[in-house]
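With JSON, C-alpha atoms (C1' of nucleotides) inside, this is protein.json:
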[["chain", "number", "residue", "atom", "x", "y", "z"],
["A", 1, "MET", "CA", -19.97, 50.82, 8.86],
["A", 2, "ALA", "CA", -17.74, 48.62, 11.04],
["A", 3, "GLY", "CA", -20.60, 46.14, 10.89],
["A", 4, "LEU", "CA", -19.83, 43.96, 13.85],
["A", 5, "LYS", "CA", -22.83, 42.61, 15.68],
["A", 6, "TYR", "CA", -23.04, 41.10, 19.10],
["A", 7, "SER", "CA", -23.38, 37.35, 19.39],
["A", 8, "ARG", "CA", -23.75, 35.13, 22.43],
["A", 9, "GLN", "CA", -21.57, 32.52, 20.80],
["A", 10, "ARG", "CA", -18.68, 34.89, 20.22],
["A", 11, "GLU", "CA", -18.92, 36.17, 23.77],
["A", 12, "ALA", "CA", -18.92, 32.61, 25.11],
["A", 13, "VAL", "CA", -15.78, 31.79, 23.09],
["A", 14, "LYS", "CA", -13.98, 34.86, 24.35],
["A", 15, "ASN", "CA", -15.05, 34.36, 27.95],
["A", 16, "TYR", "CA", -13.92, 30.77, 27.93],
["A", 17, "LEU", "CA", -10.51, 31.66, 26.52],
["A", 18, "MET", "CA", -10.09, 34.40, 29.10],
["A", 19, "SER", "CA", -11.03, 32.06, 31.93],
["A", 20, "THR", "CA", -8.73, 29.14, 31.17],
["A", 21, "LYS", "CA", -5.00, 28.59, 31.10],
["A", 22, "GLU", "CA", -5.36, 25.48, 28.95],
["A", 23, "HIS", "CA", -4.49, 26.98, 25.52],
["A", 24, "PRO", "CA", -7.25, 24.93, 23.89],
["A", 25, "THR", "CA", -7.66, 24.00, 20.23],
["A", 26, "ALA", "CA", -10.72, 25.01, 18.21],
["A", 27, "ASP", "CA", -12.19, 21.59, 18.87],
["A", 28, "MET", "CA", -11.66, 21.88, 22.62],
["A", 29, "VAL", "CA", -13.35, 25.28, 22.59],
["A", 30, "TYR", "CA", -16.21, 23.77, 20.60],
["A", 31, "ASN", "CA", -16.74, 20.98, 23.10],
["A", 32, "LYS", "CA", -16.61, 23.37, 26.05],
["A", 33, "ILE", "CA", -19.05, 25.88, 24.58],
["A", 34, "ARG", "CA", -21.39, 23.05, 23.66],
["A", 35, "GLU", "CA", -22.04, 22.47, 27.33],
["A", 36, "GLU", "CA", -23.88, 25.79, 27.41],
["A", 37, "TYR", "CA", -24.98, 26.07, 23.76],
["A", 38, "PRO", "CA", -25.54, 22.47, 22.67],
["A", 39, "ASN", "CA", -26.03, 23.28, 19.01],
["A", 40, "ILE", "CA", -23.31, 25.78, 18.35],
["A", 41, "SER", "CA", -21.55, 24.78, 15.17],
["A", 42, "LEU", "CA", -17.87, 24.07, 14.79],
["A", 43, "GLY", "CA", -17.74, 26.57, 11.94],
["A", 44, "THR", "CA", -19.00, 29.28, 14.26],
["A", 45, "VAL", "CA", -16.21, 28.51, 16.68],
["A", 46, "TYR", "CA", -13.60, 28.71, 13.92],
["A", 47, "ARG", "CA", -15.04, 31.92, 12.51],
["A", 48, "ASN", "CA", -15.13, 33.62, 15.89],
["A", 49, "LEU", "CA", -11.68, 32.44, 16.81],
["A", 50, "SER", "CA", -10.12, 33.98, 13.73],
["A", 51, "LEU", "CA", -12.23, 37.10, 14.17],
["A", 52, "LEU", "CA", -11.02, 37.48, 17.75],
["A", 53, "VAL", "CA", -7.44, 36.92, 16.62],
["A", 54, "GLU", "CA", -7.84, 39.65, 13.98],
["A", 55, "LEU", "CA", -9.26, 41.99, 16.62],
["A", 56, "GLY", "CA", -6.27, 41.22, 18.83],
["A", 57, "GLU", "CA", -8.48, 39.96, 21.66],
["A", 58, "VAL", "CA", -7.12, 36.45, 21.42],
["A", 59, "VAL", "CA", -3.77, 35.03, 20.41],
["A", 60, "LYS", "CA", -2.90, 32.06, 18.24],
["A", 61, "VAL", "CA", -0.31, 29.77, 19.79],
["A", 62, "PRO", "CA", 1.99, 27.47, 17.81],
["A", 63, "SER", "CA", 2.26, 23.83, 18.81],
["A", 64, "MET", "CA", 3.77, 20.49, 17.93],
["A", 65, "ASP", "CA", 0.51, 18.71, 17.19],
["A", 66, "GLY", "CA", -0.25, 20.34, 13.88],
["A", 67, "CYS", "CA", -3.34, 22.23, 14.99],
["A", 68, "ASP", "CA", -3.75, 25.76, 16.24],
["A", 69, "HIS", "CA", -4.15, 26.53, 19.92],
["A", 70, "PHE", "CA", -5.64, 29.71, 21.33],
["A", 71, "ASP", "CA", -4.92, 31.94, 24.28],
["A", 72, "GLY", "CA", -7.18, 34.60, 25.76],
["A", 73, "ASP", "CA", -4.26, 36.16, 27.61],
["A", 74, "THR", "CA", -2.88, 38.83, 25.31],
["A", 75, "SER", "CA", -0.29, 40.18, 27.71],
["A", 76, "ALA", "CA", 3.40, 39.71, 26.83],
["A", 77, "HIS", "CA", 4.31, 36.17, 27.80],
["A", 78, "TYR", "CA", 5.83, 33.07, 26.25],
["A", 79, "HIS", "CA", 4.89, 29.43, 25.95],
["A", 80, "PHE", "CA", 6.30, 26.13, 27.02],
["A", 81, "ILE", "CA", 5.42, 22.98, 25.08],
["A", 82, "CYS", "CA", 5.89, 19.63, 26.80],
["A", 83, "THR", "CA", 7.48, 17.23, 24.33],
["A", 84, "GLU", "CA", 5.97, 14.29, 26.23],
["A", 85, "CYS", "CA", 2.30, 15.18, 26.50],
["A", 86, "GLY", "CA", 2.06, 18.19, 24.19],
["A", 87, "ARG", "CA", 0.57, 20.43, 26.85],
["A", 88, "ILE", "CA", 1.18, 24.14, 26.49],
["A", 89, "SER", "CA", 1.79, 26.29, 29.54],
["A", 90, "ASP", "CA", 2.78, 29.86, 30.29],
["A", 91, "ILE", "CA", 6.26, 31.17, 30.95],
["A", 92, "ASP", "CA", 6.09, 34.14, 33.28],
["A", 93, "THR", "CA", 9.68, 35.30, 33.10],
["A", 94, "ASN", "CA", 9.93, 38.75, 31.54],
["A", 95, "LEU", "CA", 12.14, 38.57, 28.46],
["A", 96, "GLU", "CA", 11.28, 41.84, 26.72],
["A", 97, "GLU", "CA", 14.70, 43.36, 27.39],
["A", 98, "GLU", "CA", 16.68, 40.38, 26.12],
["A", 99, "LEU", "CA", 14.46, 39.84, 23.12],
["A", 100, "SER", "CA", 14.56, 43.43, 21.94],
["A", 101, "ARG", "CA", 18.33, 43.39, 22.31],
["A", 102, "ILE", "CA", 18.43, 40.22, 20.21],
["A", 103, "ASN", "CA", 16.13, 41.82, 17.64],
["A", 104, "ARG", "CA", 18.44, 44.83, 17.33],
["A", 105, "GLU", "CA", 21.48, 42.61, 17.08],
["A", 106, "VAL", "CA", 19.93, 40.42, 14.40],
["A", 107, "ASN", "CA", 18.57, 43.39, 12.46],
["A", 108, "ARG", "CA", 22.08, 44.80, 12.20],
["A", 109, "GLY", "CA", 23.26, 41.84, 10.12],
["A", 110, "PHE", "CA", 20.07, 41.37, 8.11],
["A", 111, "ASP", "CA", 19.01, 42.51, 4.66],
["A", 112, "GLY", "CA", 15.32, 43.05, 5.29],
["A", 113, "TYR", "CA", 13.57, 44.59, 8.28],
["A", 114, "ILE", "CA", 12.70, 42.62, 11.40],
["A", 115, "ASN", "CA", 9.80, 43.93, 13.42],
["A", 116, "GLY", "CA", 9.06, 41.02, 15.68],
["A", 117, "SER", "CA", 10.18, 37.67, 16.96],
["A", 118, "ALA", "CA", 8.69, 34.71, 18.73],
["A", 119, "ILE", "CA", 10.35, 32.41, 21.20],
["A", 120, "HIS", "CA", 9.03, 29.27, 22.79],
["A", 121, "PHE", "CA", 10.43, 26.59, 25.01],
["A", 122, "TYR", "CA", 10.51, 22.81, 24.94],
["A", 123, "GLY", "CA", 11.04, 20.21, 27.61],
["A", 124, "HIS", "CA", 9.16, 18.13, 30.15],
["A", 125, "CYS", "CA", 6.34, 19.52, 32.22],
["A", 126, "GLN", "CA", 6.08, 18.93, 35.95],
["A", 127, "ASP", "CA", 3.53, 16.13, 35.55],
["A", 128, "CYS", "CA", 5.56, 14.23, 32.96],
["A", 129, "MET", "CA", 8.68, 14.56, 35.09],
["A", 130, "ALA", "CA", 6.84, 13.07, 38.06],
["A", 131, "LYS", "CA", 5.51, 10.23, 35.92],
["A", 132, "SER", "CA", 8.94, 9.31, 34.53],
["A", 133, "LYS", "CA", 10.40, 9.18, 38.05],
["A", 134, "ILE", "CA", 7.85, 6.57, 39.07],
["A", 135, "SER", "CA", 8.39, 4.21, 36.16],
["B", 1, "MET", "CA", 18.05, -5.11, 12.70],
["B", 2, "ALA", "CA", 18.16, -1.37, 12.02],
["B", 3, "GLY", "CA", 16.57, -2.27, 8.70],
["B", 4, "LEU", "CA", 17.18, 0.84, 6.70],
["B", 5, "LYS", "CA", 17.72, 0.25, 3.01],
["B", 6, "TYR", "CA", 19.18, 2.56, 0.45],
["B", 7, "SER", "CA", 16.83, 4.28, -1.95],
["B", 8, "ARG", "CA", 17.52, 6.67, -4.81],
["B", 9, "GLN", "CA", 14.45, 8.65, -3.95],
["B", 10, "ARG", "CA", 15.53, 9.25, -0.37],
["B", 11, "GLU", "CA", 18.98, 10.27, -1.50],
["B", 12, "ALA", "CA", 17.50, 12.67, -4.03],
["B", 13, "VAL", "CA", 15.32, 14.28, -1.35],
["B", 14, "LYS", "CA", 18.27, 14.72, 0.98],
["B", 15, "ASN", "CA", 20.57, 16.05, -1.74],
["B", 16, "TYR", "CA", 18.04, 18.57, -2.88],
["B", 17, "LEU", "CA", 17.45, 19.86, 0.65],
["B", 18, "MET", "CA", 21.18, 20.15, 1.23],
["B", 19, "SER", "CA", 21.67, 22.06, -2.00],
["B", 20, "THR", "CA", 18.99, 24.71, -1.63],
["B", 21, "LYS", "CA", 18.36, 27.62, 0.71],
["B", 22, "GLU", "CA", 14.69, 27.76, -0.22],
["B", 23, "HIS", "CA", 13.19, 25.92, 2.80],
["B", 24, "PRO", "CA", 10.74, 24.10, 0.53],
["B", 25, "THR", "CA", 7.48, 22.40, 1.43],
["B", 26, "ALA", "CA", 6.87, 18.70, 0.79],
["B", 27, "ASP", "CA", 5.07, 19.63, -2.39],
["B", 28, "MET", "CA", 7.93, 21.79, -3.62],
["B", 29, "VAL", "CA", 10.35, 18.92, -2.95],
["B", 30, "TYR", "CA", 8.02, 16.59, -4.83],
["B", 31, "ASN", "CA", 7.95, 18.85, -7.89],
["B", 32, "LYS", "CA", 11.71, 19.28, -7.87],
["B", 33, "ILE", "CA", 12.49, 15.57, -7.54],
["B", 34, "ARG", "CA", 9.99, 14.81, -10.28],
["B", 35, "GLU", "CA", 12.31, 16.47, -12.77],
["B", 36, "GLU", "CA", 14.74, 13.60, -12.27],
["B", 37, "TYR", "CA", 12.33, 10.84, -11.19],
["B", 38, "PRO", "CA", 9.09, 11.63, -13.03],
["B", 39, "ASN", "CA", 7.02, 9.04, -11.23],
["B", 40, "ILE", "CA", 8.13, 9.44, -7.66],
["B", 41, "SER", "CA", 5.04, 9.54, -5.50],
["B", 42, "LEU", "CA", 4.10, 12.32, -3.12],
["B", 43, "GLY", "CA", 3.74, 9.76, -0.33],
["B", 44, "THR", "CA", 7.35, 8.72, -0.83],
["B", 45, "VAL", "CA", 8.44, 12.32, -0.42],
["B", 46, "TYR", "CA", 6.46, 12.68, 2.80],
["B", 47, "ARG", "CA", 7.71, 9.38, 4.18],
["B", 48, "ASN", "CA", 11.34, 10.20, 3.47],
["B", 49, "LEU", "CA", 11.02, 13.71, 4.80],
["B", 50, "SER", "CA", 9.77, 12.52, 8.17],
["B", 51, "LEU", "CA", 12.34, 9.73, 8.17],
["B", 52, "LEU", "CA", 15.14, 12.23, 7.55],
["B", 53, "VAL", "CA", 13.75, 14.49, 10.27],
["B", 54, "GLU", "CA", 13.76, 11.54, 12.69],
["B", 55, "LEU", "CA", 17.35, 10.75, 11.74],
["B", 56, "GLY", "CA", 18.26, 14.37, 12.38],
["B", 57, "GLU", "CA", 19.54, 14.84, 8.84],
["B", 58, "VAL", "CA", 16.88, 17.38, 8.01],
["B", 59, "VAL", "CA", 15.01, 19.93, 10.06],
["B", 60, "LYS", "CA", 11.36, 20.91, 10.07],
["B", 61, "VAL", "CA", 10.79, 24.64, 9.92],
["B", 62, "PRO", "CA", 7.66, 26.40, 11.22],
["B", 63, "SER", "CA", 5.85, 28.84, 8.96],
["B", 64, "MET", "CA", 2.83, 31.07, 8.61],
["B", 65, "ASP", "CA", 1.22, 29.26, 5.73],
["B", 66, "GLY", "CA", -0.01, 26.22, 7.61],
["B", 67, "CYS", "CA", 2.24, 23.67, 5.96],
["B", 68, "ASP", "CA", 5.60, 22.32, 6.98],
["B", 69, "HIS", "CA", 8.83, 23.52, 5.40],
["B", 70, "PHE", "CA", 12.11, 21.64, 5.44],
["B", 71, "ASP", "CA", 15.75, 22.58, 5.76],
["B", 72, "GLY", "CA", 18.76, 20.42, 4.94],
["B", 73, "ASP", "CA", 21.03, 22.70, 6.93],
["B", 74, "THR", "CA", 21.15, 21.24, 10.44],
["B", 75, "SER", "CA", 23.71, 23.65, 11.83],
["B", 76, "ALA", "CA", 22.59, 26.06, 14.56],
["B", 77, "HIS", "CA", 20.79, 28.90, 12.86],
["B", 78, "TYR", "CA", 17.46, 30.67, 12.97],
["B", 79, "HIS", "CA", 14.75, 31.61, 10.52],
["B", 80, "PHE", "CA", 13.17, 34.77, 9.27],
["B", 81, "ILE", "CA", 9.64, 34.68, 7.88],
["B", 82, "CYS", "CA", 8.53, 37.52, 5.63],
["B", 83, "THR", "CA", 4.99, 38.55, 6.63],
["B", 84, "GLU", "CA", 4.41, 39.89, 3.11],
["B", 85, "CYS", "CA", 5.41, 37.00, 0.87],
["B", 86, "GLY", "CA", 5.83, 34.17, 3.37],
["B", 87, "ARG", "CA", 9.36, 33.41, 2.26],
["B", 88, "ILE", "CA", 11.65, 31.84, 4.84],
["B", 89, "SER", "CA", 15.31, 32.79, 4.97],
["B", 90, "ASP", "CA", 18.26, 32.14, 7.23],
["B", 91, "ILE", "CA", 19.49, 34.33, 10.07],
["B", 92, "ASP", "CA", 23.23, 33.98, 10.42],
["B", 93, "THR", "CA", 23.74, 35.87, 13.65],
["B", 94, "ASN", "CA", 25.04, 33.58, 16.38],
["B", 95, "LEU", "CA", 22.63, 33.61, 19.30],
["B", 96, "GLU", "CA", 23.71, 30.52, 21.21],
["B", 97, "GLU", "CA", 25.09, 32.54, 24.11],
["B", 98, "GLU", "CA", 22.03, 34.72, 24.54],
["B", 99, "LEU", "CA", 19.62, 31.84, 24.10],
["B", 100, "SER", "CA", 21.30, 29.56, 26.60],
["B", 101, "ARG", "CA", 21.35, 32.41, 29.10],
["B", 102, "ILE", "CA", 17.63, 32.93, 28.49],
["B", 103, "ASN", "CA", 17.03, 29.18, 28.89],
["B", 104, "ARG", "CA", 18.82, 29.16, 32.25],
["B", 105, "GLU", "CA", 16.94, 32.24, 33.40],
["B", 106, "VAL", "CA", 13.58, 30.81, 32.39],
["B", 107, "ASN", "CA", 14.35, 27.40, 33.87],
["B", 108, "ARG", "CA", 14.97, 29.05, 37.25],
["B", 109, "GLY", "CA", 11.36, 30.17, 37.49],
["B", 110, "PHE", "CA", 9.76, 27.13, 35.92],
["B", 111, "ASP", "CA", 8.17, 23.99, 37.35],
["B", 112, "GLY", "CA", 9.20, 21.49, 34.69],
["B", 113, "TYR", "CA", 12.48, 21.11, 32.86],
["B", 114, "ILE", "CA", 13.34, 23.12, 29.77],
["B", 115, "ASN", "CA", 15.84, 21.53, 27.43],
["B", 116, "GLY", "CA", 15.44, 23.65, 24.35],
["B", 117, "SER", "CA", 13.93, 26.71, 22.79],
["B", 118, "ALA", "CA", 13.17, 28.02, 19.35],
["B", 119, "ILE", "CA", 13.20, 31.59, 18.16],
["B", 120, "HIS", "CA", 12.19, 32.98, 14.84],
["B", 121, "PHE", "CA", 11.85, 36.43, 13.38],
["B", 122, "TYR", "CA", 9.16, 38.28, 11.45],
["B", 123, "GLY", "CA", 9.26, 41.29, 9.20],
["B", 124, "HIS", "CA", 9.73, 42.30, 5.59],
["B", 125, "CYS", "CA", 12.33, 40.71, 3.37],
["B", 126, "GLN", "CA", 14.60, 42.75, 1.14],
["B", 127, "ASP", "CA", 12.51, 42.10, -1.97],
["B", 128, "CYS", "CA", 9.23, 43.12, -0.34],
["B", 129, "MET", "CA", 10.83, 46.26, 1.06],
["B", 130, "ALA", "CA", 12.04, 47.21, -2.41],
["B", 131, "LYS", "CA", 8.58, 46.57, -3.87],
["B", 132, "SER", "CA", 6.79, 48.73, -1.27],
["B", 133, "LYS", "CA", 9.17, 51.63, -1.92],
["B", 134, "ILE", "CA", 8.22, 51.62, -5.60],
["B", 135, "SER", "CA", 4.46, 51.69, -5.13],
["C", 1, "DT", "C1'", 24.42, -15.89, -8.46],
["C", 2, "DT", "C1'", 20.03, -17.69, -7.34],
["C", 3, "DT", "C1'", 17.04, -17.43, -3.26],
["C", 4, "DA", "C1'", 14.74, -15.65, 0.47],
["C", 5, "DA", "C1'", 13.69, -11.93, 3.41],
["C", 6, "DT", "C1'", 12.42, -7.45, 4.00],
["C", 7, "DC", "C1'", 12.29, -2.66, 3.11],
["C", 8, "DA", "C1'", 10.71, 1.03, -0.19],
["C", 9, "DT", "C1'", 7.98, 2.34, -3.76],
["C", 10, "DA", "C1'", 3.86, 4.09, -6.72],
["C", 11, "DG", "C1'", -0.69, 4.85, -6.71],
["C", 12, "DT", "C1'", -4.75, 5.45, -4.47],
["C", 13, "DA", "C1'", -7.95, 5.96, -0.67],
["C", 14, "DA", "C1'", -8.76, 7.77, 3.77],
["C", 15, "DT", "C1'", -8.14, 11.18, 7.54],
["C", 16, "DC", "C1'", -8.04, 15.48, 9.84],
["C", 17, "DG", "C1'", -8.07, 20.36, 10.60],
["C", 18, "DT", "C1'", -10.01, 24.09, 8.54],
["C", 19, "DT", "C1'", -12.75, 26.96, 5.25],
["C", 20, "DA", "C1'", -16.63, 27.90, 2.17],
["C", 21, "DC", "C1'", -21.47, 27.86, 1.18],
["C", 22, "DT", "C1'", -26.50, 28.56, 2.00],
["C", 23, "DA", "C1'", -30.77, 29.07, 3.88],
["C", 24, "DT", "C1'", -32.42, 30.65, 8.38],
["C", 25, "DT", "C1'", -32.18, 33.41, 12.68],
["C", 26, "DA", "C1'", -30.58, 37.30, 15.57],
["C", 27, "DT", "C1'", -29.18, 41.96, 16.15],
["C", 28, "DT", "C1'", -29.24, 46.64, 15.13],
["C", 29, "DC", "C1'", -30.92, 50.94, 13.07],
["C", 30, "DT", "C1'", -34.70, 53.84, 11.87],
["D", 1, "DA", "C1'", -42.68, 47.34, 14.16],
["D", 2, "DG", "C1'", -40.01, 46.89, 9.88],
["D", 3, "DA", "C1'", -35.99, 46.96, 6.93],
["D", 4, "DA", "C1'", -31.24, 46.03, 6.56],
["D", 5, "DT", "C1'", -27.56, 43.22, 7.45],
["D", 6, "DA", "C1'", -24.53, 40.40, 10.22],
["D", 7, "DA", "C1'", -24.23, 35.74, 12.51],
["D", 8, "DT", "C1'", -25.71, 31.28, 12.86],
["D", 9, "DA", "C1'", -26.27, 25.96, 12.14],
["D", 10, "DG", "C1'", -25.52, 22.49, 9.23],
["D", 11, "DT", "C1'", -23.27, 20.57, 5.58],
["D", 12, "DA", "C1'", -20.16, 20.23, 1.76],
["D", 13, "DA", "C1'", -15.61, 21.14, 0.01],
["D", 14, "DC", "C1'", -10.76, 21.72, 0.56],
["D", 15, "DG", "C1'", -5.67, 21.00, 1.17],
["D", 16, "DA", "C1'", -2.01, 18.91, 3.69],
["D", 17, "DT", "C1'", -0.77, 14.73, 5.42],
["D", 18, "DT", "C1'", -1.11, 9.75, 6.50],
["D", 19, "DA", "C1'", -2.50, 4.95, 5.74],
["D", 20, "DC", "C1'", -3.01, 1.03, 2.74],
["D", 21, "DT", "C1'", -1.70, -2.45, -0.73],
["D", 22, "DA", "C1'", 0.20, -4.77, -4.34],
["D", 23, "DT", "C1'", 4.59, -4.47, -6.83],
["D", 24, "DG", "C1'", 9.54, -3.61, -7.22],
["D", 25, "DA", "C1'", 14.37, -2.83, -5.27],
["D", 26, "DT", "C1'", 17.98, -3.81, -1.96],
["D", 27, "DT", "C1'", 20.34, -6.64, 1.05],
["D", 28, "DA", "C1'", 22.06, -10.90, 3.23],
["D", 29, "DA", "C1'", 22.74, -15.74, 3.05],
["D", 30, "DA", "C1'", 23.15, -20.22, 0.67]]

Written as structure tokens, that's how I'd like the structure from this file.
Amino acid sequence: MAGLKYSRQREAVKNYLMSTKEHPTADMVYNKIREEYPNISLGTVYRNLSLLVELGEVVKVPSMDGCDHFDGDTSAHYHFICTECGRISDIDTNLEEELSRINREVNRGFDGYINGSAIHFYGHCQDCMAKSKIS
Amino acid sequence: MAGLKYSRQREAVKNYLMSTKEHPTADMVYNKIREEYPNISLGTVYRNLSLLVELGEVVKVPSMDGCDHFDGDTSAHYHFICTECGRISDIDTNLEEELSRINREVNRGFDGYINGSAIHFYGHCQDCMAKSKIS
DNA sequence: TTTAATCATAGTAATCGTTACTATTATTCT
DNA sequence: AGAATAATAGTAACGATTACTATGATTAAA
């Protein structure tokens, strides 16, 4: 009744996302998977990405560049977006304490009910800092 | 040399955004302004919105629904997104202290340089909570 | 206050990420 | 093996946004 069948393509998408720290877009996933399955279709990539997000096996990451990025690491962590090059990287600092305190604090003064929050960070990545020092 | 000329349309866009707490999309702005200027073009709205964002007179707000929302209130505040109806509302709690502490803490363990962060909150707005109690 | 320069506009076409559709292929159940 | 059904490839459609172009408005100078 669940009706979910195995597919090589879906497995390849998931494996790739779990193996990289790149936070790729759908198109980047497509191009990577195409190395192994040259005629996978872009639609298949999109469909499997949203399926995996629904299943909670993959996470959708916000970005500056207007298109969705994906992350196979579903553990609690946060993202840094370089305002120079747009690259997304992981923040490893544990913020669960602070964030749940903030959630409680904000909930106290709020009409509705808050059950989650998202935080992300902006700045210059290591590479872009190095580059700007040279020039 | 700055070359920025006055335009009624731009002023209307800015005034509307400063007068509402709705966090409208470009299309919503377009429909509102059309009441006063029936043949303003959608492109004009988009162009002025990004211009105003560049000038820092308006702020772009992230959302669930895939399209940009705008806010004429540029003071430090945060946003709540209702996961039921998608509506965006303001959070008035002051979090500057907590957030700058978090920024410092995260910066300590990070390769690049963090100069900002964004936080937003998810949950059910007052209206949607009322509705779900009825049914 | 005409003139010249240039910015902004309306209207339309093009772009880009994403989703929907359809006939075919793969997986699963019996 | 065969029937049932989910997943695929390929393509068309979609919606938000951007680009283009000829016309109109604003500014600065004569």

Counting all atoms listed in the file, select every polymer residue within 10 Å of (16.6, -14.8, 4.0) as defined in the file's coordinates, and provide the selection as a PyMOL selection string.
(chain C and resi 3-6) or (chain D and resi 27-30)

I want to know what sits within 12 Å of Thr44 (chain A), based on all atoms listed in the file, with residues of the same chain fewer than 6 positions away left out; could you give that as a PyMOL selection string?
(chain A and resi 7-13+26-27+29-30+33-34+37+50-52) or (chain C and resi 18-19) or (chain D and resi 7-10)

Taking all atoms listed in the file into account, which residues of chain A are within 12 Å of chain C, as a PyMOL selection string?
chain A and resi 1+3-9+25-27+42-47+49-50+65-69

Surrounding residues of Lys14 (chain A) excluding itself and chain neighbours under 5 positions, 8 Å, only C-alpha atoms (C1' of nucleotides), as JSON, numbers by chain
{"A": [52, 57, 58, 72]}

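Nearest residue to Ile119 (chain B), choosing from B:Lys21, B:Lys131, B:His77, B:Arg101 and counting only C-alpha atoms: B:His77.
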
Take every atom of region 15-30 of chain D listed in the file, fit an axis-aligned box around them, add 3 Å per side, and give the centre and edge lengths in Å to one decimal as lines of an AutoDock Vina configuration file.
center_x = 8.7
center_y = 0.4
center_z = -0.4
size_x = 34.8
size_y = 47.2
size_z = 19.7

Counting only C-alpha atoms, chain A residues within 8 Å of chain B, as a list of chain:residue names
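Applying the cut-off to the listed atoms yields A:Ile91, A:Asp92, A:Thr93, A:Leu95, A:Glu98, A:Ile102, A:Glu105, A:Val106, A:Gly109, A:Phe110, A:Asp111, A:Gly112, A:Tyr113, A:Ile114, A:Asn115, A:Gly116, A:Ser117, A:Ala118, A:Ile119, A:His120, A:Phe121, A:Tyr122, A:Gly123, A:His124, A:Cys125, A:Gln126, A:Asp127, A:Met129.
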
Please rebuild region 110-123 of chain A with N, CA and C atoms and return the result as a CSV table (one decimal), in the frame of the given file.
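Dumped to rebuild.csv:
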chain,number,residue,atom,x,y,z
A,110,PHE,N,21.1,42.0,9.0
A,110,PHE,CA,20.1,41.4,8.1
A,110,PHE,C,19.6,42.3,7.0
A,111,ASP,N,19.4,41.8,5.8
A,111,ASP,CA,19.0,42.5,4.7
A,111,ASP,C,17.7,43.2,4.7
A,112,GLY,N,16.7,42.5,5.2
A,112,GLY,CA,15.3,43.0,5.3
A,112,GLY,C,15.1,43.8,6.6
A,113,TYR,N,13.8,43.9,7.0
A,113,TYR,CA,13.6,44.6,8.3
A,113,TYR,C,12.8,43.7,9.2
A,114,ILE,N,13.3,43.5,10.4
A,114,ILE,CA,12.7,42.6,11.4
A,114,ILE,C,11.9,43.5,12.3
A,115,ASN,N,10.6,43.2,12.5
A,115,ASN,CA,9.8,43.9,13.4
A,115,ASN,C,9.2,43.1,14.5
A,116,GLY,N,9.6,41.8,14.6
A,116,GLY,CA,9.1,41.0,15.7
A,116,GLY,C,9.8,39.7,15.7
A,117,SER,N,9.6,39.0,16.9
A,117,SER,CA,10.2,37.7,17.0
A,117,SER,C,9.3,36.9,17.9
A,118,ALA,N,9.5,35.6,17.8
A,118,ALA,CA,8.7,34.7,18.7
A,118,ALA,C,9.6,33.7,19.3
A,119,ILE,N,9.5,33.4,20.6
A,119,ILE,CA,10.4,32.4,21.2
A,119,ILE,C,9.5,31.5,22.0
A,120,HIS,N,9.7,30.2,21.9
A,120,HIS,CA,9.0,29.3,22.8
A,120,HIS,C,10.0,28.2,23.2
A,121,PHE,N,9.5,27.5,24.3
A,121,PHE,CA,10.4,26.6,25.0
A,121,PHE,C,9.9,25.2,25.0
A,122,TYR,N,10.9,24.2,25.0
A,122,TYR,CA,10.5,22.8,24.9
A,122,TYR,C,11.1,22.1,26.1
A,123,GLY,N,10.5,21.0,26.5
A,123,GLY,CA,11.0,20.2,27.6
A,123,GLY,C,10.0,19.3,28.2
